[in-house]
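Enquirer: Contents of structure-v2.cif (mmCIF, C-alpha atoms and all ligand atoms) are below:
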data_my_file
#
loop_
_atom_site.label_atom_id
_atom_site.label_comp_id
_atom_site.auth_asym_id
_atom_site.auth_seq_id
_atom_site.Cartn_x
_atom_site.Cartn_y
_atom_site.Cartn_z
CA MET W 10 5.00 -56.68 -5.84
CA THR W 11 4.88 -52.90 -5.85
CA SER W 12 8.09 -51.75 -4.32
CA PHE W 13 8.45 -49.07 -1.70
CA MET W 14 8.63 -45.50 -3.12
CA SER W 15 7.50 -46.66 -6.54
CA PRO W 16 3.92 -45.43 -6.67
CA ALA W 17 1.84 -46.54 -9.62
CA LEU W 18 0.54 -43.09 -10.44
CA PRO W 19 2.47 -39.84 -10.12
CA GLU W 20 0.74 -37.33 -7.86
CA HIS W 21 2.18 -34.41 -9.80
CA VAL W 22 3.00 -34.40 -13.52
CA ALA W 23 4.66 -31.37 -15.11
CA ILE W 24 4.93 -30.93 -18.86
CA ILE W 25 7.20 -28.82 -21.05
CA MET W 26 4.93 -28.46 -24.06
CA ASP W 27 7.49 -28.08 -26.83
CA GLY W 28 7.58 -28.42 -30.61
CA ASN W 29 4.58 -26.40 -31.82
CA GLY W 30 6.71 -24.34 -34.21
CA ARG W 31 8.48 -27.33 -35.73
CA TRP W 32 5.18 -29.18 -36.07
CA ALA W 33 3.76 -26.28 -38.11
CA ASN W 34 6.97 -25.83 -40.05
CA ALA W 35 6.87 -29.46 -41.17
CA ARG W 36 3.46 -28.67 -42.69
CA ASN W 37 4.56 -25.41 -44.31
CA MET W 38 2.26 -23.57 -41.96
CA PRO W 39 2.94 -20.54 -39.75
CA ARG W 40 4.11 -21.16 -36.19
CA ALA W 41 0.82 -19.73 -34.89
CA TYR W 42 -0.96 -22.70 -36.45
CA GLY W 43 1.19 -25.02 -34.36
CA HIS W 44 0.37 -23.10 -31.21
CA ARG W 45 -3.35 -23.33 -31.98
CA GLN W 46 -3.06 -27.06 -32.56
CA GLY W 47 -1.07 -27.33 -29.34
CA MET W 48 -4.10 -25.97 -27.50
CA GLU W 49 -6.06 -29.03 -28.64
CA THR W 50 -3.42 -31.28 -27.10
CA LEU W 51 -3.67 -29.24 -23.94
CA HIS W 52 -7.43 -29.92 -23.69
CA THR W 53 -6.89 -33.64 -24.21
CA VAL W 54 -4.12 -33.91 -21.65
CA VAL W 55 -5.96 -31.87 -18.99
CA ARG W 56 -9.04 -34.07 -19.40
CA THR W 57 -7.07 -37.29 -19.38
CA ALA W 58 -5.02 -36.29 -16.35
CA GLY W 59 -8.20 -35.46 -14.42
CA ASP W 60 -9.87 -38.68 -15.50
CA VAL W 61 -7.02 -40.93 -14.38
CA GLY W 62 -6.70 -39.19 -11.02
CA ILE W 63 -3.59 -37.03 -11.34
CA LYS W 64 -3.72 -34.57 -8.44
CA TYR W 65 -1.47 -31.85 -9.87
CA LEU W 66 -0.76 -31.07 -13.51
CA THR W 67 1.68 -28.28 -14.31
CA LEU W 68 1.97 -26.96 -17.86
CA PHE W 69 4.80 -24.71 -19.06
CA ALA W 70 2.97 -22.21 -21.27
CA PHE W 71 5.33 -19.24 -21.57
CA SER W 72 8.83 -18.88 -20.19
CA SER W 73 10.50 -15.73 -18.95
CA GLU W 74 12.95 -16.27 -21.83
CA ASN W 75 10.19 -16.51 -24.46
CA TRP W 76 10.16 -12.68 -24.56
CA ARG W 77 13.11 -13.13 -26.93
CA ARG W 78 10.68 -14.24 -29.64
CA PRO W 79 9.23 -11.92 -32.28
CA GLU W 80 6.47 -9.69 -30.95
CA THR W 81 3.88 -11.19 -33.29
CA GLU W 82 4.48 -14.65 -31.82
CA ILE W 83 4.27 -13.31 -28.28
CA ILE W 84 0.93 -11.70 -29.14
CA ASP W 85 -0.27 -15.04 -30.55
CA LEU W 86 0.75 -16.94 -27.42
CA PHE W 87 -0.85 -14.42 -25.06
CA GLY W 88 -4.01 -14.44 -27.21
CA LEU W 89 -4.19 -18.22 -26.97
CA LEU W 90 -3.89 -18.15 -23.19
CA LYS W 91 -6.68 -15.60 -23.00
CA THR W 92 -8.85 -17.73 -25.31
CA PHE W 93 -8.11 -20.81 -23.20
CA VAL W 94 -9.16 -19.14 -19.96
CA ARG W 95 -12.25 -17.50 -21.48
CA ARG W 96 -13.37 -20.64 -23.29
CA ASP W 97 -12.43 -23.35 -20.82
CA LEU W 98 -12.78 -21.84 -17.38
CA ALA W 99 -16.43 -22.92 -17.09
CA GLU W 100 -15.56 -26.49 -18.08
CA LEU W 101 -12.58 -26.65 -15.73
CA HIS W 102 -14.76 -25.35 -12.91
CA ALA W 103 -17.47 -27.90 -13.73
CA ARG W 104 -14.81 -30.62 -13.57
CA ASP W 105 -13.84 -29.43 -10.08
CA VAL W 106 -10.37 -28.35 -11.33
CA ARG W 107 -8.53 -25.78 -9.29
CA VAL W 108 -6.38 -23.38 -11.33
CA ARG W 109 -3.12 -21.92 -10.07
CA VAL W 110 -0.77 -19.70 -11.99
CA ILE W 111 2.98 -19.57 -11.33
CA GLY W 112 5.45 -17.10 -12.80
CA ASP W 113 6.23 -13.42 -12.47
CA ARG W 114 3.10 -11.27 -12.56
CA ALA W 115 4.89 -7.95 -12.18
CA ASN W 116 5.18 -7.06 -15.86
CA LEU W 117 1.96 -8.57 -17.16
CA LYS W 118 -0.65 -6.30 -18.69
CA SER W 119 -3.82 -5.91 -16.64
CA ASP W 120 -6.12 -7.69 -19.13
CA ILE W 121 -4.21 -10.97 -18.96
CA LEU W 122 -3.44 -10.60 -15.26
CA ASN W 123 -7.12 -10.08 -14.45
CA LEU W 124 -8.09 -13.17 -16.42
CA LEU W 125 -5.54 -15.30 -14.58
CA ILE W 126 -6.69 -13.95 -11.23
CA GLU W 127 -10.30 -14.61 -12.20
CA ALA W 128 -9.44 -18.23 -13.05
CA GLU W 129 -7.74 -18.70 -9.68
CA GLN W 130 -10.51 -17.00 -7.73
CA LYS W 131 -13.39 -18.81 -9.40
CA THR W 132 -11.83 -22.24 -8.85
CA ARG W 133 -10.08 -21.74 -5.53
CA ASN W 134 -12.44 -23.95 -3.51
CA ASN W 135 -12.46 -26.83 -6.00
CA GLY W 136 -11.20 -30.14 -4.69
CA GLY W 137 -10.33 -32.02 -7.86
CA MET W 138 -7.12 -31.79 -9.86
CA THR W 139 -4.99 -28.67 -9.50
CA LEU W 140 -3.98 -27.29 -12.90
CA VAL W 141 -0.85 -25.18 -12.52
CA ILE W 142 -0.18 -22.88 -15.44
CA ALA W 143 3.42 -21.68 -15.66
CA PHE W 144 3.15 -18.37 -17.42
CA ASN W 145 5.93 -15.81 -17.68
CA TYR W 146 7.73 -18.40 -15.58
CA GLY W 147 11.46 -18.93 -15.15
CA ALA W 148 12.87 -20.98 -12.28
CA ARG W 149 15.87 -18.76 -11.60
CA ASP W 150 13.58 -15.75 -11.51
CA GLU W 151 11.24 -17.60 -9.14
CA ILE W 152 14.08 -18.62 -6.80
CA THR W 153 15.50 -15.09 -6.86
CA ARG W 154 12.12 -13.60 -5.92
CA ALA W 155 11.73 -16.18 -3.14
CA VAL W 156 15.15 -15.38 -1.68
CA ALA W 157 14.42 -11.64 -1.90
CA ALA W 158 11.16 -12.22 -0.01
CA LEU W 159 12.99 -14.21 2.66
CA VAL W 160 15.59 -11.45 3.06
CA ARG W 161 12.75 -8.94 3.51
CA ASP W 162 11.14 -11.15 6.16
CA ILE W 163 14.44 -11.50 8.03
CA ARG W 164 15.05 -7.74 7.89
CA SER W 165 11.56 -7.02 9.19
CA GLY W 166 12.02 -9.51 12.03
CA ASP W 167 9.23 -11.84 10.86
CA VAL W 168 11.86 -14.56 10.38
CA ALA W 169 14.85 -15.13 12.66
CA ASP W 170 18.39 -14.45 11.37
CA ASP W 171 19.08 -18.18 11.16
CA GLY W 172 15.81 -18.83 9.34
CA VAL W 173 17.34 -19.53 5.93
CA THR W 174 16.16 -23.10 5.45
CA GLU W 175 15.00 -25.19 2.50
CA GLU W 176 11.48 -25.00 3.92
CA ALA W 177 11.64 -21.20 4.18
CA ILE W 178 12.71 -20.93 0.54
CA SER W 179 10.14 -23.49 -0.67
CA ALA W 180 7.40 -21.62 1.17
CA ARG W 181 8.23 -18.46 -0.79
CA LEU W 182 8.34 -20.05 -4.23
CA ASP W 183 5.36 -19.58 -6.54
CA THR W 184 4.69 -23.30 -6.02
CA ALA W 185 4.31 -23.00 -2.22
CA GLY W 186 2.00 -25.75 -0.99
CA ILE W 187 2.27 -27.80 -4.19
CA PRO W 188 4.23 -31.06 -3.93
CA ASP W 189 7.32 -31.38 -6.13
CA PRO W 190 6.65 -32.92 -9.54
CA ASP W 191 7.08 -36.69 -9.58
CA LEU W 192 7.34 -36.75 -13.35
CA ILE W 193 8.44 -34.10 -15.85
CA ILE W 194 7.67 -34.81 -19.50
CA ARG W 195 9.18 -32.80 -22.35
CA THR W 196 7.92 -33.28 -25.87
CA SER W 197 9.70 -32.64 -29.20
CA GLY W 198 12.90 -34.56 -28.50
CA GLU W 199 14.71 -31.71 -26.75
CA GLU W 200 16.45 -32.97 -23.64
CA ARG W 201 16.75 -30.00 -21.31
CA LEU W 202 14.72 -28.21 -18.63
CA SER W 203 14.95 -24.69 -20.11
CA ASN W 204 14.69 -23.03 -16.68
CA PHE W 205 11.60 -25.02 -15.61
CA LEU W 206 11.06 -25.92 -11.91
CA LEU W 207 14.80 -26.14 -11.16
CA TRP W 208 14.32 -26.24 -7.38
CA GLN W 209 11.29 -28.53 -7.42
CA SER W 210 12.75 -31.04 -9.91
CA ALA W 211 15.55 -32.19 -7.58
CA TYR W 212 14.17 -35.75 -7.55
CA SER W 213 11.70 -35.69 -10.44
CA GLU W 214 11.70 -38.48 -12.97
CA LEU W 215 12.49 -36.95 -16.37
CA MET W 216 10.95 -38.20 -19.58
CA PHE W 217 11.85 -36.91 -23.02
CA VAL W 218 9.53 -38.00 -25.80
CA PRO W 219 10.06 -37.46 -29.53
CA GLU W 220 6.53 -36.30 -30.47
CA TYR W 221 5.95 -32.62 -31.11
CA TRP W 222 3.38 -31.26 -28.66
CA PRO W 223 0.49 -31.08 -31.21
CA ASP W 224 1.05 -34.80 -31.93
CA PHE W 225 1.16 -35.80 -28.26
CA GLY W 226 -2.13 -37.57 -27.60
CA LYS W 227 -3.98 -39.38 -24.85
CA ASP W 228 -2.13 -42.62 -25.63
CA ASN W 229 1.25 -40.91 -25.36
CA PHE W 230 0.28 -39.44 -22.01
CA LEU W 231 -0.94 -42.80 -20.69
CA ALA W 232 2.23 -44.47 -21.99
CA ALA W 233 4.33 -41.93 -20.07
CA LEU W 234 2.39 -42.72 -16.88
CA ALA W 235 2.92 -46.43 -17.46
CA GLN W 236 6.64 -45.93 -17.94
CA TYR W 237 6.78 -43.83 -14.78
CA SER W 238 5.24 -46.65 -12.77
CA SER W 239 8.11 -48.93 -13.80
CA ARG W 240 10.81 -46.52 -12.62
CA ASN W 241 12.60 -47.06 -9.37
CA ARG W 242 12.85 -43.93 -7.25
CA ARG W 243 15.45 -43.95 -4.54
CA PHE W 244 15.82 -40.36 -3.29
CA GLY W 245 19.41 -41.10 -2.38
CA GLY W 246 18.50 -44.14 -0.31
CA LEU W 247 18.23 -47.79 -1.17
CA ASN W 248 15.21 -49.36 -2.78
CA PRO W 249 13.87 -51.68 -1.68
CA PRO W 250 15.06 -50.60 1.77
CA VAL W 251 17.54 -52.95 3.39
CA SER W 252 16.53 -53.80 6.93
CA VAL W 253 18.98 -52.45 9.43
CA ALA W 254 20.49 -55.03 11.81
CA GLY W 255 18.64 -54.98 15.08
CA SER W 256 15.64 -53.05 13.76
C1 LIG Z 1 5.75 -24.43 -27.88
O1 LIG Z 1 6.65 -24.88 -28.80
C2 LIG Z 1 6.39 -23.97 -26.61
C3 LIG Z 1 6.20 -22.54 -26.33
C4 LIG Z 1 7.21 -21.78 -26.04
C5 LIG Z 1 4.86 -21.98 -26.30
P1 LIG Z 1 7.71 -23.94 -29.51
O2 LIG Z 1 7.07 -22.66 -29.92
O3 LIG Z 1 8.91 -23.78 -28.67
O4 LIG Z 1 8.04 -24.81 -30.79
P2 LIG Z 1 9.46 -25.16 -31.38
O5 LIG Z 1 10.31 -25.64 -30.26
O6 LIG Z 1 9.99 -23.90 -31.97
O7 LIG Z 1 9.19 -26.21 -32.39
C1 LIG Z 2 10.38 -24.12 -23.13
O1 LIG Z 2 10.42 -24.26 -24.49
C2 LIG Z 2 9.29 -23.15 -22.73
C3 LIG Z 2 7.91 -23.61 -22.93
C4 LIG Z 2 7.56 -24.79 -23.31
C5 LIG Z 2 6.89 -22.64 -22.61
P1 LIG Z 2 11.38 -23.38 -25.40
O2 LIG Z 2 11.10 -23.78 -26.80
O3 LIG Z 2 11.24 -21.94 -25.08
O4 LIG Z 2 12.82 -23.87 -24.93
P2 LIG Z 2 14.24 -23.77 -25.65
O5 LIG Z 2 14.43 -22.33 -26.07
O6 LIG Z 2 14.20 -24.67 -26.84
O7 LIG Z 2 15.22 -24.23 -24.64
MG MG Z 3 10.59 -24.84 -28.42
#
If you convert what's in this file into C-alpha cells, what do you get?
Expert:
Amino acid sequence: MTSFMSPALPEHVAIIMDGNGRWANARNMPRAYGHRQGMETLHTVVRTAGDVGIKYLTLFAFSSENWRRPETEIIDLFGLLKTFVRRDLAELHARDVRVRVIGDRANLKSDILNLLIEAEQKTRNNGGMTLVIAFNYGARDEITRAVAALVRDIRSGDVADDGVTEEAISARLDTAGIPDPDLIIRTSGEERLSNFLLWQSAYSELMFVPEYWPDFGKDNFLAALAQYSSRNRRFGGLNPPVSVAGS
C-alpha cells in the first residue's frame, strides 16, 4: 500500500552537479574536460526527467561562491552555459520544456544575461517540465535579496507593517511559484548543500551519491527516484497518520 505523503515520483528534483574536476583529474585531463563531459550528463538527465514525468528539475550550474575559482575556469563554465542555451534551446522548446533561471542577475555580463532571458522568454508558455537553472546562485544571497525586497514593499506601503510572513518571503525568492524540491541529489560523494536552496530544502529528501557528475547516468537517476519512493516523509507529523479519537 502506498502510504500517505509518500508519493511515488517526486514533483521537483534538484541536483548539485558536482565532481567534474575530480573526474577529469582522475584521467589526467584538464578540469574543463570534466565540465564538457558533465554537459553530456546534463542532456541525459534533462531528457530522462522529462520522459518519466518530473514536473520541475533544478540544476545547480554556478554558485555565487564559484567566483573564487581561477578566471580561466569561470570563462570555461560560462562558455559551456552559453553553448548549452544556444545548442539546446530549440530541443528544449520542442520538448515543451519551460526554462527558468534563478540566481543574482545584477553582475552578469549582457551577453550571458540576454541568452538566459531569451531562453525564458521563448519557453515561457510551455506546459511540460520546468527546467530551473541555478546560475550565479547562492541561497543566502537569494534570501537576503528577498528580505530587502520585502522591506522596500513595507516602506512603500504595498505591504502592511505586520506583513513579514513565510509566504511573503517565499514570494520574493527567485523560486517564487515553484514548489519546494522533494528530492535533492548531490553527486561526487560530498555531503553538504554548499548554499543551495537553503530556504526551500526545509523538508527535502537528501541523497548523496558517490558517482562524479560525468559518470552519473540515466540508471543512476532512475535509481535515485526509486530510492526516493521508498522514503517516508513526515513533515513533522506522523506517518501513516494516526486517527484522532472522535474524528
Ligand atoms: C562541477 O564540479 C560543479 C561546478 C561548480 C560547475 P566541480 O567543478 O566542483 O568538480 P570538483 O568538485 O572540483 O571535482
Ligand atoms: C556546488 O559545488 C556548486 C555547483 C555544483 C554549481 P562546489 O564544488 O562549488 O561546492 P564545494 O565548494 O565543494 O562546497
Ligand atoms: Mg565541486
Enquirer: Which is closest to ligand LIG 1 (chain Z) among W:Gly186, W:Gly88, W:Gly43, W:Gly166, if we use only C-alpha atoms and all ligand atoms?
Expert: W:Gly43
Enquirer: Using all atoms listed in the file, find each protein or nucleic acid residue lying at most 10 Å from ligand LIG 1 (chain Z); present the set as a ChimeraX atom specification.
Expert: /W:25-35,40-41,43-44,47-48,69-76,78,82-83,85-87,89,144,196-199,221-223
Enquirer: From the set W:Ile178, W:Leu124, W:Ala143, W:Val110, which residue has the shortest atom-to-atom contact distance to ligand LIG 2 (chain Z), counting only C-alpha atoms and all ligand atoms?
Expert: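 Among the listed residues, W:Ala143 lies closest to ligand LIG 2 (chain Z).
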Enquirer: Which of these residues is nearest to ligand LIG 2 (chain Z), using only C-alpha atoms and all ligand atoms: W:Ala158, W:Leu247, W:Leu206, W:Ile163?
Expert: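 Between W:Ala158, W:Leu247, W:Leu206, W:Ile163, the residue approaching ligand LIG 2 (chain Z) most closely is W:Leu206.
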Enquirer: Hey, which of W:Glu80, W:Asp60, W:Asp171, W:Glu176 ends up closest to Asp105 in chain W? Count all atoms listed in the file.
Expert: W:Asp60
Enquirer: Restricting the calculation to all atoms listed in the file, which member of W:Ser203, W:Arg114, W:Ala185, W:Asp120 is positioned closest to ligand LIG 2 (chain Z)?
Expert: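 Between W:Ser203, W:Arg114, W:Ala185, W:Asp120, the residue approaching ligand LIG 2 (chain Z) most closely is W:Ser203.
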Enquirer: Env of Thr57 in chain W: 10 Å cut, atoms = only C-alpha atoms, seq-sep filter 6 positions within chain, self excluded. Answer as a list in words.
Expert: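 Final neighbour list, sorted by chain and number: Leu51, Ile63, Gly226, Lys227, Asp228, Phe230 and Leu231 of chain W.
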Enquirer: Measuring between all atoms listed in the file, which one of W:Gly112, W:Gly137, W:Pro249, W:Pro39 shows the shortest distance to ligand LIG 2 (chain Z)?
Expert: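 Ranked by minimum distance to ligand LIG 2 (chain Z), first place goes to W:Gly112.
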